$ cat work-v5.cif   # mmCIF, C-alpha atoms
data_structure
#
loop_
_atom_site.label_atom_id
_atom_site.label_comp_id
_atom_site.auth_asym_id
_atom_site.auth_seq_id
_atom_site.Cartn_x
_atom_site.Cartn_y
_atom_site.Cartn_z
CA MET A 284 48.49 21.22 -10.15
CA GLU A 285 45.51 22.41 -12.12
CA LEU A 286 47.42 21.99 -15.36
CA TYR A 287 48.05 18.35 -14.53
CA PHE A 288 44.33 17.76 -14.06
CA PHE A 289 43.60 19.51 -17.33
CA LEU A 290 46.20 17.43 -19.14
CA PHE A 291 44.89 14.22 -17.58
CA PHE A 292 41.29 14.88 -18.65
CA ALA A 293 42.34 16.21 -22.06
CA ILE A 294 44.55 13.20 -22.81
CA VAL A 295 41.87 10.75 -21.67
CA ALA A 296 39.25 12.55 -23.79
CA VAL A 297 41.36 12.71 -26.96
CA ALA A 298 42.74 9.18 -26.60
CA SER A 299 39.27 7.71 -25.99
CA SER A 300 37.74 9.60 -28.89
CA VAL A 301 40.50 8.52 -31.29
CA ALA A 302 40.14 4.94 -30.08
CA MET A 303 36.37 5.28 -30.54
CA ILE A 304 36.55 6.12 -34.24
CA LEU A 305 39.07 3.33 -34.85
CA GLN A 306 37.34 0.64 -32.79
CA ARG A 307 35.53 -2.01 -34.86
CA ASN A 308 33.29 -3.34 -32.10
CA PRO A 309 30.31 -0.96 -31.68
CA ILE A 310 29.84 -1.76 -27.99
CA TYR A 311 33.42 -0.73 -27.19
CA CYS A 312 32.76 2.43 -29.22
CA VAL A 313 29.89 3.36 -26.92
CA LEU A 314 31.93 2.66 -23.78
CA LEU A 315 34.83 4.76 -25.09
CA LEU A 316 32.45 7.61 -25.88
CA ILE A 317 31.17 7.41 -22.30
CA MET A 318 34.81 7.79 -21.19
CA VAL A 319 35.03 10.94 -23.32
CA MET A 320 31.81 12.29 -21.77
CA ILE A 321 33.04 11.69 -18.23
CA SER A 322 36.41 13.36 -18.83
CA ILE A 323 34.59 16.33 -20.39
CA ALA A 324 32.45 16.45 -17.24
CA GLY A 325 35.71 16.67 -15.25
CA LEU A 326 36.76 19.62 -17.41
CA TYR A 327 33.37 21.26 -16.76
CA LEU A 328 34.05 20.96 -13.03
CA MET A 329 37.39 22.71 -13.53
CA LEU A 330 35.51 25.49 -15.34
CA ASP A 331 33.18 26.01 -12.34
CA ALA A 332 30.21 24.52 -14.20
CA GLN A 333 29.06 22.06 -11.55
CA PHE A 334 25.47 21.66 -12.70
CA VAL A 335 26.46 21.20 -16.33
CA ALA A 336 28.97 18.54 -15.25
CA ILE A 337 26.31 16.61 -13.36
CA ILE A 338 23.86 16.90 -16.25
CA GLN A 339 26.59 15.74 -18.61
CA ILE A 340 27.06 12.56 -16.59
CA VAL A 341 23.42 11.90 -15.72
CA VAL A 342 21.73 12.73 -19.01
CA TYR A 343 24.46 12.42 -21.62
CA ALA A 344 26.55 9.53 -20.39
CA GLY A 345 23.77 7.95 -18.37
CA ALA A 346 20.79 8.18 -20.68
CA ILE A 347 21.70 9.09 -24.25
CA MET A 348 24.71 6.79 -24.50
CA VAL A 349 22.78 3.97 -22.87
CA LEU A 350 20.21 4.41 -25.63
CA PHE A 351 23.01 3.88 -28.17
CA LEU A 352 24.13 0.77 -26.31
CA PHE A 353 20.53 -0.40 -26.21
CA VAL A 354 20.06 -0.03 -29.96
CA ILE A 355 23.33 -1.83 -30.71
CA MET A 356 22.18 -4.72 -28.55
CA LEU A 357 18.67 -4.51 -30.01
CA LEU A 358 20.02 -4.89 -33.55
CA ASN A 359 22.64 -7.40 -32.39
CA LEU A 360 25.34 -5.69 -34.42
CA SER A 361 28.74 -7.25 -34.72
CA ARG A 362 31.81 -5.84 -36.41
CA GLU A 363 31.16 -3.75 -39.48
CA GLU A 364 31.96 -5.01 -42.95
CA GLY A 365 34.07 -3.28 -45.53
CA GLY A 366 32.48 -0.52 -47.53
CA VAL A 367 31.95 0.11 -51.19
CA PHE A 368 34.14 3.16 -51.64
CA ARG A 369 37.76 2.09 -51.28
CA ILE A 370 39.13 5.63 -51.40
CA GLN A 371 36.91 6.83 -48.55
CA LYS A 372 39.23 6.27 -45.63
CA PRO A 373 42.40 8.00 -46.92
CA LEU A 374 40.25 10.82 -48.31
CA ALA A 375 38.54 11.30 -44.93
CA VAL A 376 41.84 11.37 -43.07
CA LEU A 377 43.16 13.91 -45.58
CA LEU A 378 40.07 16.11 -45.10
CA ALA A 379 40.41 15.89 -41.32
CA ALA A 380 44.07 16.87 -41.59
CA LEU A 381 43.02 19.88 -43.70
CA LEU A 382 40.46 20.78 -41.05
CA PHE A 383 43.18 20.53 -38.45
CA LEU A 384 45.21 23.31 -40.09
CA PRO A 385 43.12 26.17 -38.62
CA VAL A 386 43.49 24.59 -35.18
CA ALA A 387 47.24 24.40 -35.63
CA ALA A 388 47.23 28.05 -36.71
CA MET A 389 45.27 28.92 -33.58
CA VAL A 390 47.76 27.09 -31.38
CA MET A 391 50.64 28.91 -33.08
CA SER A 392 49.09 32.33 -32.73
CA TYR A 393 48.41 31.78 -29.01
CA ALA A 394 51.78 30.21 -28.29
CA GLY A 395 52.30 32.66 -25.43
CA GLY A 396 49.49 30.98 -23.47
CA GLY A 397 46.51 33.10 -24.46
CA THR A 398 44.12 34.88 -22.16
CA THR A 399 43.61 33.50 -18.70
CA PRO A 400 40.12 33.71 -17.17
CA PRO A 401 39.82 35.82 -14.02
CA ALA A 402 40.69 33.74 -10.98
CA ASP A 403 37.58 34.64 -9.01
CA GLY A 404 35.24 33.48 -11.78
CA GLY A 405 31.96 35.25 -12.35
CA GLY A 406 31.56 36.09 -8.69
CA ALA A 407 29.81 34.10 -6.00
CA GLY A 408 27.38 31.44 -7.14
CA PHE A 409 28.76 31.21 -10.67
CA GLY A 410 27.44 28.13 -12.43
CA GLU A 411 25.20 27.15 -9.55
CA VAL A 412 21.65 26.05 -10.07
CA GLU A 413 20.00 29.28 -8.86
CA GLN A 414 21.78 31.42 -11.42
CA ILE A 415 21.08 28.97 -14.24
CA GLY A 416 17.42 28.64 -13.25
CA THR A 417 16.87 32.39 -13.14
CA LEU A 418 18.47 32.85 -16.53
CA LEU A 419 16.60 29.88 -18.06
CA PHE A 420 13.18 31.21 -17.14
CA THR A 421 13.73 34.93 -17.72
CA LYS A 422 16.20 35.77 -20.48
CA TYR A 423 16.06 32.40 -22.21
CA LEU A 424 12.38 31.60 -21.75
CA LEU A 425 11.61 31.43 -25.47
CA PRO A 426 14.47 29.02 -26.30
CA VAL A 427 13.32 26.80 -23.43
CA GLU A 428 9.76 26.70 -24.76
CA ILE A 429 11.12 25.96 -28.24
CA ALA A 430 13.13 23.12 -26.70
CA ALA A 431 9.83 21.76 -25.35
CA VAL A 432 8.36 21.93 -28.86
CA LEU A 433 11.42 20.09 -30.17
CA LEU A 434 10.96 17.35 -27.58
CA LEU A 435 7.28 17.13 -28.54
CA ILE A 436 8.26 16.70 -32.19
CA ALA A 437 10.78 14.04 -31.23
CA ILE A 438 8.14 12.15 -29.21
CA VAL A 439 5.68 12.23 -32.11
CA GLY A 440 8.42 11.26 -34.56
CA ALA A 441 9.60 8.32 -32.48
CA VAL A 442 6.04 7.04 -32.04
CA VAL A 443 5.21 7.42 -35.74
CA LEU A 444 8.43 5.79 -36.90
CA THR A 445 8.45 2.75 -34.64
CA ARG A 446 4.70 2.16 -34.48
CA LYS A 447 3.47 -1.25 -35.56
CA GLY A 448 2.58 -1.35 -39.25
CA THR A 449 5.17 1.10 -40.48
CA VAL A 450 7.99 -1.39 -40.11
CA SER A 451 6.48 -3.80 -42.60
CA VAL A 452 6.56 -1.40 -45.58
CA GLY A 453 9.55 -2.97 -47.30
CA GLU A 454 8.87 -6.56 -46.41
CA MET B 62 43.66 29.09 -14.09
CA ILE B 63 44.18 27.28 -17.34
CA PRO B 64 44.17 29.68 -20.32
CA VAL B 65 40.93 29.49 -22.23
CA THR B 66 42.89 28.76 -25.41
CA TYR B 67 43.78 25.33 -24.11
CA TYR B 68 40.11 24.47 -23.76
CA LEU B 69 39.37 25.85 -27.20
CA VAL B 70 42.11 23.77 -28.79
CA LEU B 71 40.86 20.66 -26.97
CA SER B 72 37.29 21.35 -28.10
CA ALA B 73 38.48 21.83 -31.69
CA VAL B 74 40.43 18.57 -31.54
CA LEU B 75 37.39 16.69 -30.20
CA PHE B 76 35.24 18.24 -32.93
CA LEU B 77 37.72 17.17 -35.59
CA VAL B 78 37.99 13.65 -34.25
CA GLY B 79 34.19 13.45 -34.31
CA ALA B 80 34.09 14.78 -37.88
CA THR B 81 36.71 12.24 -38.93
CA GLY B 82 34.65 9.52 -37.31
CA VAL B 83 31.60 10.63 -39.28
CA LEU B 84 33.63 10.49 -42.48
CA ILE B 85 35.43 7.17 -42.05
CA ARG B 86 32.85 4.98 -40.33
CA ARG B 87 30.16 3.12 -42.26
CA ASN B 88 28.04 1.92 -39.36
CA ALA B 89 25.14 4.39 -39.13
CA ILE B 90 25.11 4.20 -35.31
CA ILE B 91 28.80 5.08 -35.07
CA VAL B 92 28.20 7.99 -37.43
CA LEU B 93 25.58 9.29 -35.01
CA MET B 94 28.09 8.84 -32.18
CA GLY B 95 30.61 10.91 -34.12
CA ILE B 96 27.99 13.67 -34.28
CA GLU B 97 27.58 13.38 -30.49
CA LEU B 98 31.34 13.84 -30.14
CA MET B 99 31.20 16.97 -32.31
CA LEU B 100 28.37 18.38 -30.16
CA ASN B 101 30.45 17.73 -27.05
CA GLY B 102 33.41 19.57 -28.52
CA ALA B 103 31.16 22.57 -29.18
CA ASN B 104 29.73 22.37 -25.64
CA LEU B 105 33.22 22.47 -24.17
CA SER B 106 33.99 25.76 -25.89
CA PHE B 107 30.63 27.19 -24.71
CA VAL B 108 31.48 26.38 -21.10
CA ALA B 109 35.07 27.66 -21.48
CA PHE B 110 33.78 31.00 -22.78
CA ALA B 111 31.19 31.15 -20.01
CA ARG B 112 34.04 30.89 -17.49
CA GLN B 113 36.17 33.39 -19.41
CA PHE B 114 33.53 36.12 -19.45
CA GLY B 115 31.86 35.23 -16.15
CA MET B 116 28.46 34.79 -17.84
CA VAL B 117 26.32 31.71 -17.25
CA ASP B 118 24.67 32.09 -20.67
CA GLY B 119 27.07 29.51 -22.07
CA HIS B 120 25.70 26.90 -19.69
CA ILE B 121 22.17 27.57 -20.97
CA TYR B 122 23.34 26.85 -24.50
CA VAL B 123 24.83 23.57 -23.31
CA PHE B 124 21.40 22.57 -21.99
CA LEU B 125 19.80 23.45 -25.28
CA VAL B 126 22.45 21.47 -27.16
CA ILE B 127 21.83 18.45 -24.90
CA THR B 128 18.09 18.74 -25.64
CA VAL B 129 18.75 18.89 -29.36
CA ALA B 130 21.12 15.92 -29.06
CA ALA B 131 18.49 13.86 -27.25
CA ALA B 132 15.85 14.66 -29.88
CA GLU B 133 18.32 13.95 -32.68
CA VAL B 134 19.37 10.64 -31.16
CA ALA B 135 15.75 9.60 -30.62
CA ILE B 136 14.78 10.19 -34.24
CA GLY B 137 18.12 9.09 -35.70
CA LEU B 138 18.13 5.77 -33.90
CA ALA B 139 14.47 5.20 -34.80
CA LEU B 140 15.48 5.68 -38.44
CA VAL B 141 18.42 3.28 -37.99
CA ILE B 142 16.07 0.66 -36.55
CA LEU B 143 13.67 1.12 -39.47
CA LEU B 144 16.58 0.85 -41.87
CA PHE B 145 17.69 -2.38 -40.24
CA ARG B 146 14.15 -3.76 -40.30
CA ASN B 147 13.65 -2.94 -43.98
CA ARG B 148 17.13 -3.51 -45.41
CA GLY B 149 18.82 -5.78 -42.89
CA THR B 150 21.88 -3.57 -42.68
CA VAL B 151 23.07 -0.40 -40.98
CA ASN B 152 25.96 0.06 -43.39
CA ILE B 153 25.40 3.49 -44.90
CA ASP B 154 27.31 2.57 -48.07
CA GLU B 155 24.63 0.04 -48.92
CA VAL B 156 21.82 2.56 -48.57
CA ARG B 157 22.20 4.41 -51.82
CA SER B 158 18.88 4.24 -53.59
CA LEU B 159 16.61 7.23 -53.12
CA ARG B 160 13.52 5.07 -53.53
CA TRP B 161 12.60 1.46 -54.11
CA MET C 286 40.91 22.98 -4.15
CA SER C 287 37.28 22.50 -3.25
CA TYR C 288 36.86 19.27 -5.22
CA LEU C 289 39.43 17.40 -3.14
CA PRO C 290 36.77 15.27 -1.36
CA LEU C 291 35.32 14.30 -4.73
CA ILE C 292 38.72 13.27 -6.07
CA LEU C 293 39.45 11.31 -2.90
CA LEU C 294 36.10 9.57 -3.24
CA VAL C 295 36.81 8.60 -6.85
CA ILE C 296 40.27 7.30 -5.96
CA LEU C 297 38.90 5.39 -2.99
CA VAL C 298 36.14 3.82 -5.08
CA LEU C 299 38.64 2.76 -7.74
CA ILE C 300 40.99 1.27 -5.15
CA VAL C 301 38.21 -0.63 -3.37
CA ALA C 302 36.82 -1.97 -6.65
CA ALA C 303 40.26 -3.04 -7.92
CA VAL C 304 41.22 -4.65 -4.62
CA ILE C 305 37.96 -6.58 -4.36
CA VAL C 306 38.10 -7.86 -7.91
CA THR C 307 41.78 -8.87 -7.75
CA LEU C 308 41.53 -10.45 -4.34
CA SER C 309 38.47 -12.48 -5.18
CA SER C 310 40.01 -13.69 -8.42
CA TYR C 311 43.24 -14.78 -6.67
CA ILE C 312 42.10 -15.95 -3.26
CA GLY C 313 38.68 -17.26 -4.18
CA ARG C 314 38.26 -21.03 -4.52
CA LYS C 315 37.33 -22.16 -7.98
CA LYS C 316 35.48 -25.42 -7.70
CA THR C 317 33.17 -25.68 -10.65
CA SER C 318 30.51 -28.13 -11.56
CA ALA C 319 27.98 -28.16 -14.37
CA SER C 320 25.11 -26.98 -12.26
CA LYS C 321 27.23 -24.26 -10.65
CA LEU C 322 28.23 -22.90 -14.05
CA ALA C 323 24.65 -22.67 -15.21
CA SER C 324 23.35 -19.13 -15.43
CA TYR C 325 20.82 -19.75 -12.72
CA GLU C 326 21.51 -22.18 -9.98
CA CYS C 327 17.88 -22.06 -9.08
CA GLY C 328 14.75 -20.82 -10.84
CA VAL C 329 13.65 -21.22 -14.41
CA PRO C 330 15.95 -23.01 -16.86
CA ILE C 331 17.33 -21.00 -19.76
CA LYS C 332 14.95 -20.97 -22.71
CA ASP C 333 17.06 -19.40 -25.40
CA SER C 334 20.22 -17.53 -26.25
CA ALA C 335 20.40 -13.97 -24.97
CA ARG C 336 22.12 -12.84 -28.16
CA LYS C 337 19.19 -12.45 -30.46
CA ASN C 338 17.16 -9.54 -31.70
CA PHE C 339 14.52 -8.47 -29.30
CA SER C 340 11.36 -6.56 -29.91
CA VAL C 341 11.32 -2.97 -31.07
CA LYS C 342 8.74 -2.31 -28.36
CA PHE C 343 11.58 -2.08 -25.83
CA TYR C 344 13.15 0.63 -27.95
CA LEU C 345 10.01 2.74 -28.00
CA ILE C 346 9.79 2.67 -24.22
CA ALA C 347 13.50 3.55 -23.91
CA ILE C 348 13.25 6.45 -26.31
CA LEU C 349 10.22 7.92 -24.60
CA PHE C 350 12.07 7.61 -21.32
CA ILE C 351 15.03 9.61 -22.71
CA LEU C 352 12.82 12.39 -24.00
CA PHE C 353 11.06 12.82 -20.67
CA ASP C 354 14.40 12.45 -18.90
CA VAL C 355 15.76 15.49 -20.73
CA GLU C 356 12.79 17.44 -19.43
CA ILE C 357 14.24 17.01 -15.91
CA ILE C 358 17.24 19.21 -16.70
CA TYR C 359 14.78 22.12 -17.09
CA LEU C 360 12.54 21.07 -14.23
CA TYR C 361 15.33 20.96 -11.66
CA PRO C 362 16.63 24.56 -12.02
CA TRP C 363 13.01 25.70 -12.18
CA ALA C 364 12.23 24.03 -8.86
CA VAL C 365 15.28 25.68 -7.27
CA VAL C 366 14.32 29.23 -8.31
CA TYR C 367 10.58 28.74 -7.98
CA GLY C 368 10.47 30.88 -4.81
CA ASP C 369 11.85 33.90 -6.68
CA LEU C 370 9.81 33.62 -9.83
CA GLN C 371 6.40 32.97 -8.21
CA LEU C 372 3.43 33.05 -10.60
CA TYR C 373 5.57 33.97 -13.60
CA GLY C 374 7.67 30.84 -13.07
CA ALA C 375 4.56 28.71 -12.74
CA ALA C 376 3.19 30.09 -16.02
CA ALA C 377 6.50 29.61 -17.82
CA MET C 378 6.80 26.01 -16.66
CA GLY C 379 3.09 25.52 -17.32
CA VAL C 380 3.56 26.14 -21.03
CA PHE C 381 6.64 23.89 -21.08
CA PHE C 382 4.79 21.15 -19.29
CA LEU C 383 1.67 21.50 -21.42
CA LEU C 384 3.69 20.84 -24.57
CA LEU C 385 5.14 17.66 -23.10
CA VAL C 386 1.78 16.54 -21.74
CA ILE C 387 0.44 16.87 -25.29
CA GLY C 388 3.22 14.51 -26.37
CA PHE C 389 2.40 12.13 -23.56
CA LEU C 390 -1.32 12.11 -24.41
CA TYR C 391 -0.45 11.58 -28.08
CA GLU C 392 1.62 8.50 -27.39
CA TRP C 393 -0.99 7.21 -24.97
CA LYS C 394 -3.85 7.60 -27.44
CA ARG C 395 -1.70 6.23 -30.22
CA GLY C 396 -1.18 3.05 -28.22
CA ALA C 397 2.59 3.42 -27.94
CA LEU C 398 2.44 2.47 -24.27
CA GLU C 399 0.42 -0.70 -24.87
CA TRP C 400 2.61 -3.75 -24.78
CA ASP C 401 0.69 -5.89 -27.33
#

$ encode --input "work-v5.cif" --output "C-alpha cells"
Amino acid sequence: MELYFFLFFAIVAVASSVAMILQRNPIYCVLLLIMVMISIAGLYLMLDAQFVAIIQIVVYAGAIMVLFLFVIMLLNLSREEGGVFRIQKPLAVLLAALLFLPVAAMVMSYAGGGTTPPADGGGAGFGEVEQIGTLLFTKYLLPVEIAAVLLLIAIVGAVVLTRKGTVSVGE
Amino acid sequence: MIPVTYYLVLSAVLFLVGATGVLIRRNAIIVLMGIELMLNGANLSFVAFARQFGMVDGHIYVFLVITVAAAEVAIGLALVILLFRNRGTVNIDEVRSLRW
Amino acid sequence: MSYLPLILLVILVLIVAAVIVTLSSYIGRKKTSASKLASYECGVPIKDSARKNFSVKFYLIAILFILFDVEIIYLYPWAVVYGDLQLYGAAAMGVFFLLLVIGFLYEWKRGALEWD
C-alpha cells in the first residue's frame, strides 16, 4: 500500500519535472513545477515530516512559485527563441546522462532494497512543531540568526536593484 | 516502510532533471526554476535521512534551504527584471558581454 | 494509516470539482450575446488589454512579501515552544526580529513602499 503511494508521488514528480524542462511555455513550466512541489510534499508526509510538508506547500508552492509566475506575467514572456549555441542541447543531455551514471550505480549496489527506516520513527512527536521549534532555537540558533541576516541582505538587494533610477542605466 | 534508498534515488533523479533543465534552457527564469528543482531534490534526501536516523535535524536544514531559496529567488528575479529592462530579453545566450 | 482522512478529503475535493465543472459545461444553457460576453456585465468598461507589461512596483511589493513570508516559518515553531524557552526564546527571536525590522525600516526610509 505504502509502496503504491510512493510510486504515485515519485512518478508524478519525475514526469512533471521532465515535462517542465521540455515545456516551451513558461507559465506551464511554473505550474508543472508546482505539481512537483506538491508531490514532494506528499513524500514528506510519508516520511513523517508533517510541518515540512505544510511549509513546502504554503511557502514553496504558494509563495515562491507564485513569484515566478508573477515575474513571467510582469515581463509578458512568450515562448523562448532559439539560442546561439547549436550544440548546447545534445551536449547538455550527454552531460546529464553522464551524471546519471553514479545514480545507476547506486541503484545497482542497493538492488536488494537497501536499509529500511525503523517502523516506529524517531519516537513520539517526531517531525512535529514542538521538536522542530526546540531544535531551531537551541542547537541551531546561530544558523537561524544567519538566515535572518540573509533575508536582510535579500531585502536590501531587492530594494536597491528595483529602485527607481537604477533601471534607466542602459537606456 | 519504504527503503531510504528509494527516496535517495528519487532525489538524485530530481536533482539531475533540474541540472539538465539548467543546462538546456535559455530562458533565465526557467534556469532559476531548474535550480529550485535541484534544491528540492536535495531537500528530499535531507528529510529521508532525518526519518532514517530518527533525528529532526534534517528538517531544520530544509527550512534553511527554503530560506536560501527565497533569498536567491528574490535577488535572481530582480536581476532578471533589470536584464529585461536594459536589454529587452531574458535569453541568457544573448547576454554575453561583460560590460557595455 | 493516519492520513486516510486527508486522502479522502483530497479525493472528495477532486470529485466535487470535476463533477461541477463537467455538469455545468454539459447541462448549462449557453445563450450568448455581446454584452454577456463582455468581461464585465456591469461596472467600468475595459480600458486596455490585460496582456501588457505592468509596473515593476508590483514586483517590489511581491518580493518584500515573500521575504517576510519566509520569516513566518521560523516564527511559527518559536510560538509553539515559547512556553518552554521563556526569556531565552524571547531573546533569540528578538535578535532575529531586530534584523528583519532593520530591513523593514530600510525599505521604508528608502521609499520602496511609496507607490509613486

$ resolve_selection --input "work-v5.cif" --expression "the PyMOL selection byres ((chain A) within 6 of (chain C))" --output "NGL selection string"
:A and (357-359 or 412-413 or 416 or 428 or 431 or 435)

$ atom_distance --input "work-v5.cif" --atom1 "CA of Ala379 in chain A" --atom2 "CA of Thr81 in chain B"
5.7 Å

$ atom_distance --input "work-v5.cif" --atom1 "CA of Ala388 in chain A" --atom2 "CA of Val301 in chain A"
21.4 Å

$ atom_distance --input "work-v5.cif" --atom1 "CA of Met348 in chain A" --atom2 "CA of Arg446 in chain A"
22.8 Å

$ interface_residues --input "work-v5.cif" --of "chain B" --to "chain C" --cutoff "9 Å" --atoms "all atoms listed in the file" --output "MDAnalysis selection string"
chainID B and resid 124 127:128 131:132 134:136 139 142

$ closest_residue --input "work-v5.cif" --among "B:Ala89, B:Ile121, B:Tyr67, B:Val108" --to "Phe420 in chain A" --atoms "all atoms listed in the file"
B:Ile121

$ residues_near_point --input "work-v5.cif" --point "(23.4, 21.7, -12.4)" --cutoff "9 Å" --atoms "all atoms listed in the file" --output "list in words"
Ala332, Gln333, Phe334, Val335, Ala336, Ile337, Ile338, Gly410, Glu411, Val412 and Ile415 of chain A; Ile358, Tyr361 and Pro362 of chain C

$ closest_residue --input "work-v5.cif" --among "A:Ser322, A:Gln306, A:Thr417, A:Gln371" --to "chain B" --atoms "only C-alpha atoms"
A:Gln371

$ closest_residue --input "work-v5.cif" --among "A:Asp331, A:Val349, A:Ser392, A:Leu424" --to "chain B" --atoms "all atoms listed in the file"
A:Asp331

$ residues_around --input "work-v5.cif" --residues "Cys312 in chain A" --least-positions-apart "2" --cutoff "12 Å" --atoms "all atoms listed in the file" --output "number ranges by chain"
A: 299-310, 314-319, 348-349, 351-352, 355, 361-362; B: 82, 86, 88, 90-95, 98

$ closest_residue --input "work-v5.cif" --among "A:Leu377, A:Ala437, A:Ala346, A:Met356" --to "chain B" --atoms "all atoms listed in the file"
A:Ala437

$ resolve_selection --input "work-v5.cif" --expression "the PyMOL selection byres ((chain B) within 7 of (chain A))" --output "ChimeraX atom specification"
/B:62-66,70-71,73,75,77-78,81-82,84-85,87-88,108-109,112-113,115-117,120-121,125,128,131-132,135-136,139,143,146-147,154

$ axis_aligned_box --input "work-v5.cif" --around "range 308-317 of chain C" --padding-each-side "5 Å" --output "JSON"
{"center_x": 38.2, "center_y": -18.1, "center_z": -7.0, "size_x": 20.1, "size_y": 25.2, "size_z": 17.4}

$ build_atoms --input "work-v5.cif" --residues "range 78-90 of chain B" --atoms "N, CA and C atoms" --output "compact mmCIF listing (two decimals), in the coordinates of the input"
# COMPACT_ATOMS: atom_id res chain seq x y z
N VAL B 78 38.01 15.11 -34.36
CA VAL B 78 37.99 13.65 -34.25
C VAL B 78 36.58 13.13 -34.55
N GLY B 79 35.57 13.84 -34.02
CA GLY B 79 34.19 13.45 -34.31
C GLY B 79 33.89 13.53 -35.79
N ALA B 80 34.34 14.61 -36.43
CA ALA B 80 34.09 14.78 -37.88
C ALA B 80 34.78 13.68 -38.66
N THR B 81 36.01 13.33 -38.26
CA THR B 81 36.71 12.24 -38.93
C THR B 81 35.95 10.93 -38.75
N GLY B 82 35.43 10.73 -37.55
CA GLY B 82 34.65 9.52 -37.31
C GLY B 82 33.44 9.46 -38.21
N VAL B 83 32.75 10.60 -38.38
CA VAL B 83 31.60 10.63 -39.28
C VAL B 83 32.01 10.27 -40.69
N LEU B 84 33.21 10.72 -41.09
CA LEU B 84 33.63 10.49 -42.48
C LEU B 84 34.10 9.07 -42.71
N ILE B 85 34.81 8.46 -41.73
CA ILE B 85 35.43 7.17 -42.05
C ILE B 85 34.57 5.98 -41.64
N ARG B 86 33.60 6.15 -40.76
CA ARG B 86 32.85 4.98 -40.33
C ARG B 86 31.66 4.73 -41.25
N ARG B 87 31.28 3.45 -41.37
CA ARG B 87 30.16 3.12 -42.26
C ARG B 87 28.96 2.61 -41.50
N ASN B 88 29.16 2.34 -40.21
CA ASN B 88 28.04 1.92 -39.36
C ASN B 88 27.24 3.17 -38.99
N ALA B 89 25.95 3.17 -39.32
CA ALA B 89 25.14 4.39 -39.13
C ALA B 89 25.11 4.81 -37.67
N ILE B 90 25.15 3.85 -36.73
CA ILE B 90 25.11 4.20 -35.31
C ILE B 90 26.40 4.90 -34.90
